[in-house]
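So this one's protein.cif, mmCIF, C-alpha atoms and all ligand atoms:
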data_target
loop_
_atom_site.label_atom_id
_atom_site.label_comp_id
_atom_site.auth_asym_id
_atom_site.auth_seq_id
_atom_site.Cartn_x
_atom_site.Cartn_y
_atom_site.Cartn_z
CA MET A 282 -13.39 6.90 -7.70
CA GLY A 283 -10.94 5.31 -10.08
CA THR A 284 -9.43 5.35 -13.51
CA TYR A 285 -11.01 3.52 -16.44
CA VAL A 286 -9.36 2.89 -19.80
CA ILE A 287 -11.72 2.70 -22.77
CA THR A 288 -10.56 1.57 -26.20
CA GLY A 289 -12.61 3.12 -28.97
CA GLY A 290 -13.36 5.87 -26.47
CA ALA A 291 -13.34 8.61 -29.13
CA SER A 292 -16.70 7.68 -30.65
CA GLY A 293 -20.06 5.97 -30.28
CA ILE A 294 -20.48 3.38 -27.55
CA GLY A 295 -16.97 3.82 -26.12
CA LYS A 296 -17.40 7.59 -25.89
CA ALA A 297 -20.77 7.23 -24.15
CA ILE A 298 -19.27 4.76 -21.66
CA ALA A 299 -16.45 7.24 -20.96
CA GLU A 300 -18.95 10.07 -20.42
CA GLN A 301 -21.09 7.94 -18.11
CA LEU A 302 -18.07 6.98 -16.01
CA GLN A 303 -16.94 10.63 -15.87
CA ASN A 304 -20.44 11.62 -14.70
CA GLU A 305 -20.02 9.10 -11.89
CA GLY A 306 -16.80 10.90 -10.89
CA HIS A 307 -14.23 8.61 -12.46
CA ARG A 308 -11.19 9.53 -14.54
CA THR A 309 -11.23 8.03 -18.03
CA LEU A 310 -8.53 7.53 -20.62
CA ALA A 311 -9.59 6.90 -24.20
CA VAL A 312 -7.39 4.73 -26.41
CA ASP A 313 -8.19 5.26 -30.06
CA ILE A 314 -6.66 5.69 -33.47
CA GLN A 315 -7.58 9.39 -33.29
CA ASN A 316 -8.84 12.10 -30.87
CA ALA A 317 -7.79 10.17 -27.78
CA ASP A 318 -5.72 10.43 -24.61
CA ILE A 319 -3.67 7.52 -25.94
CA VAL A 320 -3.48 7.43 -29.72
CA ALA A 321 -2.67 3.93 -30.97
CA ASP A 322 -3.59 1.70 -33.88
CA LEU A 323 -4.98 -1.46 -32.28
CA ALA A 324 -4.96 -3.25 -35.64
CA SER A 325 -1.22 -3.90 -35.45
CA PRO A 326 0.93 -5.72 -32.85
CA GLU A 327 3.19 -2.64 -32.65
CA GLY A 328 0.20 -0.37 -32.05
CA ARG A 329 -1.08 -2.70 -29.34
CA ASP A 330 2.36 -2.77 -27.68
CA ALA A 331 2.46 1.03 -27.73
CA ALA A 332 -1.04 1.18 -26.24
CA VAL A 333 -0.12 -1.28 -23.48
CA ALA A 334 3.02 0.68 -22.55
CA ALA A 335 1.09 3.96 -22.46
CA ILE A 336 -1.78 2.46 -20.42
CA ILE A 337 0.62 1.00 -17.85
CA GLU A 338 2.46 4.31 -17.56
CA ALA A 339 -0.75 6.35 -17.23
CA THR A 340 -2.39 4.04 -14.68
CA GLY A 341 0.51 3.13 -12.41
CA ALA A 342 -1.33 4.65 -9.44
CA GLY A 343 -4.47 2.61 -10.06
CA LEU A 344 -6.69 1.06 -12.71
CA GLN A 345 -10.32 0.33 -11.89
CA GLY A 346 -11.37 -1.05 -15.22
CA LEU A 347 -10.77 -1.63 -18.91
CA VAL A 348 -13.45 -1.43 -21.59
CA THR A 349 -12.68 -2.73 -25.08
CA SER A 350 -15.02 -0.94 -27.46
CA ALA A 351 -12.69 -0.27 -30.41
CA GLY A 352 -14.06 -2.02 -33.46
CA VAL A 353 -14.93 -1.75 -37.11
CA GLY A 354 -18.30 -2.69 -38.55
CA SER A 355 -19.47 -5.43 -40.87
CA HIS A 356 -19.79 -2.91 -43.72
CA VAL A 357 -15.97 -2.68 -43.81
CA SER A 358 -14.80 -4.89 -46.67
CA ASN A 359 -11.21 -5.24 -45.45
CA ASN A 360 -11.59 -8.61 -43.68
CA THR A 361 -8.02 -8.55 -42.37
CA LEU A 362 -8.68 -5.18 -40.72
CA VAL A 363 -11.96 -6.40 -39.18
CA THR A 364 -10.12 -9.44 -37.81
CA ASN A 365 -7.17 -7.52 -36.44
CA VAL A 366 -9.11 -4.69 -34.79
CA ASN A 367 -12.13 -6.60 -33.48
CA TYR A 368 -10.40 -9.74 -32.23
CA PHE A 369 -6.69 -9.10 -31.69
CA GLY A 370 -7.26 -5.44 -30.75
CA THR A 371 -9.40 -6.78 -27.91
CA VAL A 372 -7.95 -10.12 -26.82
CA GLU A 373 -4.23 -9.44 -27.30
CA LEU A 374 -4.58 -6.11 -25.52
CA ILE A 375 -6.23 -7.76 -22.50
CA GLN A 376 -3.65 -10.56 -22.49
CA LYS A 377 -0.78 -8.09 -22.52
CA LEU A 378 -2.38 -6.10 -19.70
CA GLU A 379 -3.24 -9.18 -17.63
CA ASP A 380 -0.59 -8.68 -14.91
CA HIS A 381 -1.35 -4.98 -14.66
CA LEU A 382 -5.09 -5.65 -14.43
CA ALA A 383 -4.45 -8.26 -11.72
CA GLU A 384 -2.15 -5.94 -9.77
CA HIS A 385 -4.99 -3.41 -9.52
CA ASN A 386 -7.96 -5.85 -9.24
CA ALA A 387 -9.46 -4.15 -12.28
CA SER A 388 -12.65 -5.30 -13.98
CA VAL A 389 -12.85 -5.80 -17.72
CA LEU A 390 -15.82 -5.26 -20.01
CA LEU A 391 -15.61 -6.46 -23.59
CA VAL A 392 -17.95 -4.90 -26.12
CA SER A 393 -19.04 -7.88 -28.21
CA SER A 394 -22.24 -7.88 -30.27
CA ASN A 395 -25.60 -9.62 -30.39
CA SER A 396 -24.40 -10.98 -33.73
CA ALA A 397 -21.79 -13.08 -31.87
CA PRO A 398 -23.99 -16.23 -31.84
CA MET A 399 -24.63 -16.08 -35.59
CA GLU A 400 -23.38 -18.83 -37.86
CA THR A 401 -19.83 -18.35 -39.10
CA ASN A 402 -16.79 -20.38 -40.18
CA PRO A 403 -15.66 -22.71 -37.33
CA GLU A 404 -12.10 -22.79 -38.71
CA PHE A 405 -11.98 -19.01 -38.46
CA ILE A 406 -13.07 -19.18 -34.81
CA HIS A 407 -10.50 -21.90 -34.10
CA SER A 408 -7.64 -19.87 -35.62
CA LEU A 409 -8.64 -16.78 -33.68
CA LEU A 410 -8.80 -18.64 -30.39
CA GLN A 411 -5.39 -20.19 -31.13
CA GLY A 412 -4.03 -16.65 -31.48
CA ASP A 413 -2.98 -17.44 -35.04
CA ALA A 414 -3.33 -13.98 -36.59
CA GLY A 415 -1.83 -14.94 -39.96
CA GLY A 416 -4.00 -18.05 -40.29
CA ALA A 417 -7.17 -16.27 -39.14
CA CYS A 418 -6.65 -13.38 -41.56
CA ALA A 419 -6.00 -15.81 -44.43
CA ILE A 420 -9.31 -17.57 -43.67
CA ALA A 421 -11.10 -14.23 -43.28
CA GLU A 422 -9.91 -13.14 -46.71
CA GLU A 423 -11.70 -16.18 -48.21
CA MET A 424 -14.94 -15.32 -46.39
CA GLN A 425 -17.74 -12.96 -47.42
CA GLY A 426 -19.12 -10.07 -45.38
CA HIS A 427 -20.98 -10.38 -42.11
CA PRO A 428 -19.67 -13.79 -40.91
CA VAL A 429 -16.21 -12.21 -40.57
CA TYR A 430 -17.57 -9.53 -38.25
CA SER A 431 -19.84 -11.88 -36.31
CA GLY A 432 -17.00 -14.44 -36.18
CA THR A 433 -14.66 -11.95 -34.50
CA LYS A 434 -17.38 -11.14 -31.96
CA GLN A 435 -18.14 -14.83 -31.37
CA ALA A 436 -14.45 -15.55 -30.77
CA VAL A 437 -14.05 -12.55 -28.46
CA THR A 438 -17.00 -13.80 -26.40
CA ILE A 439 -15.76 -17.41 -26.28
CA TRP A 440 -12.31 -16.15 -25.28
CA MET A 441 -13.87 -14.13 -22.46
CA ARG A 442 -15.90 -17.14 -21.26
CA ARG A 443 -12.91 -19.50 -21.41
CA ASN A 444 -10.69 -17.10 -19.48
CA ALA A 445 -13.15 -15.57 -17.00
CA ALA A 446 -12.48 -18.14 -14.27
CA ALA A 447 -8.68 -17.88 -14.46
CA PHE A 448 -8.87 -14.09 -14.47
CA ALA A 449 -11.29 -14.14 -11.52
CA GLY A 450 -8.70 -16.19 -9.63
CA LYS A 451 -6.34 -13.27 -10.07
CA GLY A 452 -8.92 -10.72 -8.93
CA VAL A 453 -9.99 -9.57 -12.40
CA ARG A 454 -13.71 -9.79 -13.19
CA MET A 455 -14.46 -10.10 -16.92
CA ASN A 456 -17.87 -9.70 -18.58
CA ALA A 457 -19.15 -8.73 -22.01
CA ILE A 458 -22.07 -6.83 -23.42
CA GLY A 459 -23.69 -7.79 -26.69
CA PRO A 460 -25.13 -4.58 -28.10
CA GLY A 461 -27.93 -4.87 -30.58
CA TYR A 462 -28.38 -2.36 -33.34
CA THR A 463 -27.17 0.94 -31.84
CA ARG A 464 -27.17 4.34 -33.54
CA THR A 465 -23.48 5.39 -33.74
CA PRO A 466 -21.11 6.57 -36.49
CA LEU A 467 -20.35 2.86 -37.13
CA SER A 468 -23.97 1.88 -37.73
CA GLN A 469 -24.65 5.13 -39.61
CA ALA A 470 -21.89 4.20 -42.08
CA ALA A 471 -23.64 0.89 -42.72
CA GLU A 472 -27.03 2.62 -43.05
CA ASP A 473 -25.55 5.02 -45.61
CA ASN A 474 -24.25 2.12 -47.71
CA PRO A 475 -26.85 1.36 -50.42
CA ASP A 476 -25.94 -2.34 -50.27
CA TYR A 477 -27.10 -2.51 -46.65
CA SER A 478 -29.62 0.30 -46.08
CA GLU A 479 -32.83 -1.60 -46.97
CA SER A 480 -31.96 -4.70 -44.95
CA ILE A 481 -30.94 -2.50 -42.01
CA LYS A 482 -34.33 -0.74 -42.08
CA GLN A 483 -36.05 -4.13 -41.85
CA PHE A 484 -33.67 -5.24 -39.13
CA ILE A 485 -34.42 -2.12 -37.05
CA ALA A 486 -38.17 -2.61 -37.56
CA SER A 487 -37.87 -6.11 -36.09
CA ILE A 488 -36.36 -4.99 -32.75
CA PRO A 489 -38.93 -6.16 -30.16
CA VAL A 490 -38.90 -3.02 -27.96
CA GLY A 491 -39.58 -0.91 -31.05
CA ARG A 492 -36.48 1.25 -31.33
CA PRO A 493 -32.75 0.99 -32.02
CA GLY A 494 -30.33 1.18 -29.13
CA THR A 495 -28.50 4.31 -28.07
CA PRO A 496 -24.88 4.55 -26.92
CA GLU A 497 -26.31 5.59 -23.53
CA ASP A 498 -28.20 2.26 -23.26
CA MET A 499 -24.83 0.52 -23.61
CA ALA A 500 -23.16 2.91 -21.17
CA ASP A 501 -25.74 2.15 -18.45
CA ALA A 502 -25.14 -1.59 -18.80
CA ALA A 503 -21.37 -1.10 -18.91
CA SER A 504 -21.26 1.08 -15.82
CA PHE A 505 -23.33 -1.48 -13.90
CA LEU A 506 -21.20 -4.46 -14.94
CA LEU A 507 -17.94 -2.65 -14.21
CA GLY A 508 -18.96 -1.30 -10.84
CA ASP A 509 -19.53 -2.29 -7.22
CA ARG A 510 -23.12 -3.47 -7.72
CA ALA A 511 -21.93 -6.30 -9.98
CA THR A 512 -19.11 -7.88 -8.00
CA PHE A 513 -20.73 -11.37 -8.23
CA ILE A 514 -21.25 -11.11 -11.99
CA CYS A 515 -18.36 -12.74 -13.80
CA GLY A 516 -18.10 -14.37 -17.21
CA ALA A 517 -21.50 -13.03 -18.27
CA MET A 518 -22.49 -12.00 -21.79
CA LEU A 519 -25.32 -9.49 -21.37
CA PHE A 520 -27.35 -8.85 -24.51
CA VAL A 521 -28.38 -5.19 -24.58
CA ASP A 522 -30.47 -5.40 -27.71
CA GLY A 523 -34.13 -4.60 -27.13
CA GLY A 524 -35.00 -8.30 -27.13
CA HIS A 525 -33.49 -9.16 -30.51
CA ASP A 526 -31.44 -12.13 -29.28
CA ALA A 527 -34.49 -13.51 -27.43
CA LEU A 528 -36.48 -13.16 -30.65
CA MET A 529 -33.82 -14.84 -32.80
CA ARG A 530 -32.68 -17.56 -30.36
CA PRO A 531 -35.49 -18.08 -27.84
CA ASP A 532 -34.24 -21.46 -26.63
CA SER A 533 -30.58 -20.49 -26.13
CA PHE A 534 -29.22 -18.68 -23.11
P1 LIG A 601 -17.77 3.78 -33.61
O1 LIG A 601 -17.23 3.72 -34.99
O2 LIG A 601 -18.60 4.94 -33.21
O3 LIG A 601 -16.59 3.62 -32.55
C1 LIG A 601 -15.55 2.68 -32.74
C2 LIG A 601 -14.26 3.32 -32.30
O4 LIG A 601 -13.21 2.37 -32.53
C3 LIG A 601 -13.90 4.60 -33.11
O5 LIG A 601 -13.59 5.66 -32.24
C4 LIG A 601 -12.71 4.16 -33.92
O6 LIG A 601 -11.78 5.21 -34.20
C5 LIG A 601 -12.10 3.08 -33.03
N1 LIG A 601 -11.20 2.25 -33.82
C6 LIG A 601 -11.46 1.66 -35.01
N2 LIG A 601 -10.34 1.08 -35.48
C7 LIG A 601 -9.37 1.29 -34.56
C8 LIG A 601 -8.00 0.94 -34.49
N3 LIG A 601 -7.38 0.27 -35.48
N4 LIG A 601 -7.28 1.32 -33.40
C9 LIG A 601 -7.88 2.03 -32.42
N5 LIG A 601 -9.16 2.39 -32.42
C10 LIG A 601 -9.90 2.03 -33.49
O7 LIG A 601 -18.57 2.42 -33.41
P2 LIG A 601 -19.54 1.92 -32.24
O8 LIG A 601 -20.82 1.63 -32.87
O9 LIG A 601 -19.46 2.78 -31.06
O10 LIG A 601 -18.86 0.51 -31.93
C11 LIG A 601 -18.21 0.24 -30.71
C12 LIG A 601 -18.16 -1.26 -30.52
O11 LIG A 601 -19.49 -1.75 -30.43
C13 LIG A 601 -17.51 -2.00 -31.70
O12 LIG A 601 -16.68 -3.02 -31.19
C14 LIG A 601 -18.70 -2.59 -32.43
O13 LIG A 601 -18.37 -3.75 -33.13
C15 LIG A 601 -19.65 -2.84 -31.29
N6 LIG A 601 -21.05 -2.96 -31.68
C16 LIG A 601 -21.70 -1.89 -32.26
C17 LIG A 601 -23.01 -2.02 -32.64
C18 LIG A 601 -23.77 -0.91 -33.28
O14 LIG A 601 -24.90 -1.15 -33.75
N7 LIG A 601 -23.24 0.31 -33.32
C19 LIG A 601 -23.75 -3.29 -32.43
C20 LIG A 601 -22.97 -4.33 -31.83
C21 LIG A 601 -21.67 -4.16 -31.45
#
File written out as structure tokens:
Amino acid sequence: MGTYVITGGASGIGKAIAEQLQNEGHRTLAVDIQNADIVADLASPEGRDAAVAAIIEATGAGLQGLVTSAGVGSHVSNNTLVTNVNYFGTVELIQKLEDHLAEHNASVLLVSSNSAPMETNPEFIHSLLQGDAGGACAIAEEMQGHPVYSGTKQAVTIWMRRNAAAFAGKGVRMNAIGPGYTRTPLSQAAEDNPDYSESIKQFIASIPVGRPGTPEDMADAASFLLGDRATFICGAMLFVDGGHDALMRPDSF
């Protein structure tokens, strides 16, 4: 039994992952902007530094895994915030914890999205992958709506794929899940927004298995990918979306 750190662990998917891991007998530490074991604002470099220091201090005796679930949804109109939380709050945090993760042979699970493959601005993706926060936020501010969100998730997933081999060489297994539409406070906020509610209803109705996802669906996939039954799975992006990605992109895998 080990210790898992879960960003965004105060709500939704992150909270369900924490509960699932606790049910399996593990200790969990939530990192979140509120109601968490480690309270930190992952939108800012200072907040990320504070989170890293607190994580290292709290897990000196062992760290079995890190889950990055903190994120803000596509209904949030502050494109700089979406960029900073969803991309840098994930990638920079992992980068700064790399040595600590390697020291403990921890596994990492990034919570991406099944919207990651959607069309977005290639320059935005390039800036993100260069680690150019200022440039990426400037591009994001010129963009409209969902492509900012899906762009951050695309870049997070590409970053994971590009770095999975090097991390594996250091004993750190990285994978991602791509949740489809999942009922959480984040998706509820979008459903409650009159600009989005009708299109969301149609989107939910088109999910092949006939229902939206639950945080527990994501937690089951997360626990599997993090744990001992998945030690040969590395660099994978697992869509947990009721078949939506297969419906939208049947020829891509
Ligand atoms: P949620 O809103 O229930 O949970 C997100 C958590 O992130 C919250 O606890 C929030 O406080 C935390 N957070 C936000 N900004 C933060 C910051 N600056 N610093 C620290 N923590 C911060 O949302 P949900 O649905 O559980 O989302 C979790 C992840 O799953 C997100 O990355 C989201 O993009 C992703 N996702 C969600 C889907 C859905 O349909 N709910 C679909 C696909 C991906």
(message) List the spatial neighbours of A:Ala470 as a ChimeraX atom specification - criterion: any atom at most 12 Å away, all atoms listed in the file, same-chain residues fewer than 3 positions off excluded.
(response) /A:353-357,463-467,473-478,481
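Using all atoms listed in the file, the shortest contact distance between A:Ser393 and any of A:Lys451, A:Lys296, A:Arg329, A:Arg442 is found at A:Arg442.
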Between chain A and ligand LIG 601 (chain A), at 7 Å or less, what are the per-residue closest atom pairs and their distances in Å? Count all atoms listed in the file, order by chain and rising residue number, and return it as a tab-separated table.
residue	atom	partner	partner_atom	distance
A:Thr288	CA	A:LIG601	N5	6.4
A:Gly289	CA	A:LIG601	O4	3.7
A:Gly290	CA	A:LIG601	O5	5.8
A:Ala291	CA	A:LIG601	O5	4.3
A:Ser292	CA	A:LIG601	O5	4.0
A:Gly293	CA	A:LIG601	O9	3.3
A:Ile294	CA	A:LIG601	O9	3.7
A:Gly295	CA	A:LIG601	O9	5.6
A:Val312	CA	A:LIG601	C9	6.6
A:Asp313	CA	A:LIG601	N5	3.8
A:Ile314	CA	A:LIG601	C9	4.0
A:Gln315	CA	A:LIG601	O6	6.0
A:Ala321	CA	A:LIG601	C9	5.7
A:Asp322	CA	A:LIG601	N4	3.7
A:Leu323	CA	A:LIG601	N4	3.8
A:Ala324	CA	A:LIG601	N3	4.3
A:Ser350	CA	A:LIG601	C12	4.4
A:Ala351	CA	A:LIG601	O4	3.4
A:Gly352	CA	A:LIG601	O12	3.6
A:Val353	CA	A:LIG601	C6	5.3
A:Gly354	CA	A:LIG601	O13	5.5
A:Val366	CA	A:LIG601	N3	5.3
A:Asn367	CA	A:LIG601	O12	6.2
A:Val392	CA	A:LIG601	O12	5.6
A:Ser393	CA	A:LIG601	C21	5.6
A:Ser394	CA	A:LIG601	C21	3.9
A:Asn395	CA	A:LIG601	C20	6.1
A:Gly459	CA	A:LIG601	C20	6.2
A:Pro460	CA	A:LIG601	C20	4.3
A:Gly461	CA	A:LIG601	C19	4.8
A:Tyr462	CA	A:LIG601	O14	3.7
A:Thr463	CA	A:LIG601	O14	3.6
A:Arg464	CA	A:LIG601	N7	5.6
A:Thr465	CA	A:LIG601	O8	4.7
A:Pro466	CA	A:LIG601	O2	4.4
A:Leu467	CA	A:LIG601	O1	3.9
A:Ser468	CA	A:LIG601	N7	4.7
Residues near stretch 499-502 of chain A, anyone? I mean within 6 Å using all atoms listed in the file, not counting same-chain ones fewer than 2 positions away, as a compact mmCIF listing (two decimals) with C-alpha atoms, in the frame of the given file.
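See out04.txt below for the written result:
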# COMPACT_ATOMS: atom_id res chain seq x y z
CA ALA A 297 -20.77 7.23 -24.15
CA ILE A 298 -19.27 4.76 -21.66
CA PRO A 496 -24.88 4.55 -26.92
CA GLU A 497 -26.31 5.59 -23.53
CA SER A 504 -21.26 1.08 -15.82
CA PHE A 505 -23.33 -1.48 -13.90
(message) At a cut-off of 10 Å, using all atoms listed in the file, what residues contact stretch 487-490 of chain A? Leave out same-chain residues fewer than 5 positions from it and give the result as a VMD selection string.
(response) chain A and resid 461 to 462 481 to 482 522 to 528
Keeping only C-alpha atoms, write the selected residues to a file as a PDB file, in the coordinates of the input.
ATOM      1  CA  GLY A 461     -27.930  -4.870 -30.580  1.00  0.00           C
ATOM      2  CA  TYR A 462     -28.380  -2.360 -33.340  1.00  0.00           C
ATOM      3  CA  ILE A 481     -30.940  -2.500 -42.010  1.00  0.00           C
ATOM      4  CA  LYS A 482     -34.330  -0.740 -42.080  1.00  0.00           C
ATOM      5  CA  ASP A 522     -30.470  -5.400 -27.710  1.00  0.00           C
ATOM      6  CA  GLY A 523     -34.130  -4.600 -27.130  1.00  0.00           C
ATOM      7  CA  GLY A 524     -35.000  -8.300 -27.130  1.00  0.00           C
ATOM      8  CA  HIS A 525     -33.490  -9.160 -30.510  1.00  0.00           C
ATOM      9  CA  ASP A 526     -31.440 -12.130 -29.280  1.00  0.00           C
ATOM     10  CA  ALA A 527     -34.490 -13.510 -27.430  1.00  0.00           C
ATOM     11  CA  LEU A 528     -36.480 -13.160 -30.650  1.00  0.00           C
TER      12      LEU A 528
END
(message) So that I can see what lies close to stretch 376-389 of chain A, please list as a ChimeraX atom specification the residues with an atom at most 9 Å from it, counting all atoms listed in the file and leaving out residues fewer than 6 positions away in the same chain.
(response) /A:285,329-330,333,336-337,341-349,448,451-457,506-508
With C-alpha atoms retained, export the selected residues as a PDB file, in the coordinates of the input.
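Contents of selection_23.pdb, as written:
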ATOM      1  CA  TYR A 285     -11.010   3.520 -16.440  1.00  0.00           C
ATOM      2  CA  ARG A 329      -1.080  -2.700 -29.340  1.00  0.00           C
ATOM      3  CA  ASP A 330       2.360  -2.770 -27.680  1.00  0.00           C
ATOM      4  CA  VAL A 333      -0.120  -1.280 -23.480  1.00  0.00           C
ATOM      5  CA  ILE A 336      -1.780   2.460 -20.420  1.00  0.00           C
ATOM      6  CA  ILE A 337       0.620   1.000 -17.850  1.00  0.00           C
ATOM      7  CA  GLY A 341       0.510   3.130 -12.410  1.00  0.00           C
ATOM      8  CA  ALA A 342      -1.330   4.650  -9.440  1.00  0.00           C
ATOM      9  CA  GLY A 343      -4.470   2.610 -10.060  1.00  0.00           C
ATOM     10  CA  LEU A 344      -6.690   1.060 -12.710  1.00  0.00           C
ATOM     11  CA  GLN A 345     -10.320   0.330 -11.890  1.00  0.00           C
ATOM     12  CA  GLY A 346     -11.370  -1.050 -15.220  1.00  0.00           C
ATOM     13  CA  LEU A 347     -10.770  -1.630 -18.910  1.00  0.00           C
ATOM     14  CA  VAL A 348     -13.450  -1.430 -21.590  1.00  0.00           C
ATOM     15  CA  THR A 349     -12.680  -2.730 -25.080  1.00  0.00           C
ATOM     16  CA  PHE A 448      -8.870 -14.090 -14.470  1.00  0.00           C
ATOM     17  CA  LYS A 451      -6.340 -13.270 -10.070  1.00  0.00           C
ATOM     18  CA  GLY A 452      -8.920 -10.720  -8.930  1.00  0.00           C
ATOM     19  CA  VAL A 453      -9.990  -9.570 -12.400  1.00  0.00           C
ATOM     20  CA  ARG A 454     -13.710  -9.790 -13.190  1.00  0.00           C
ATOM     21  CA  MET A 455     -14.460 -10.100 -16.920  1.00  0.00           C
ATOM     22  CA  ASN A 456     -17.870  -9.700 -18.580  1.00  0.00           C
ATOM     23  CA  ALA A 457     -19.150  -8.730 -22.010  1.00  0.00           C
ATOM     24  CA  LEU A 506     -21.200  -4.460 -14.940  1.00  0.00           C
ATOM     25  CA  LEU A 507     -17.940  -2.650 -14.210  1.00  0.00           C
ATOM     26  CA  GLY A 508     -18.960  -1.300 -10.840  1.00  0.00           C
TER      27      GLY A 508
END
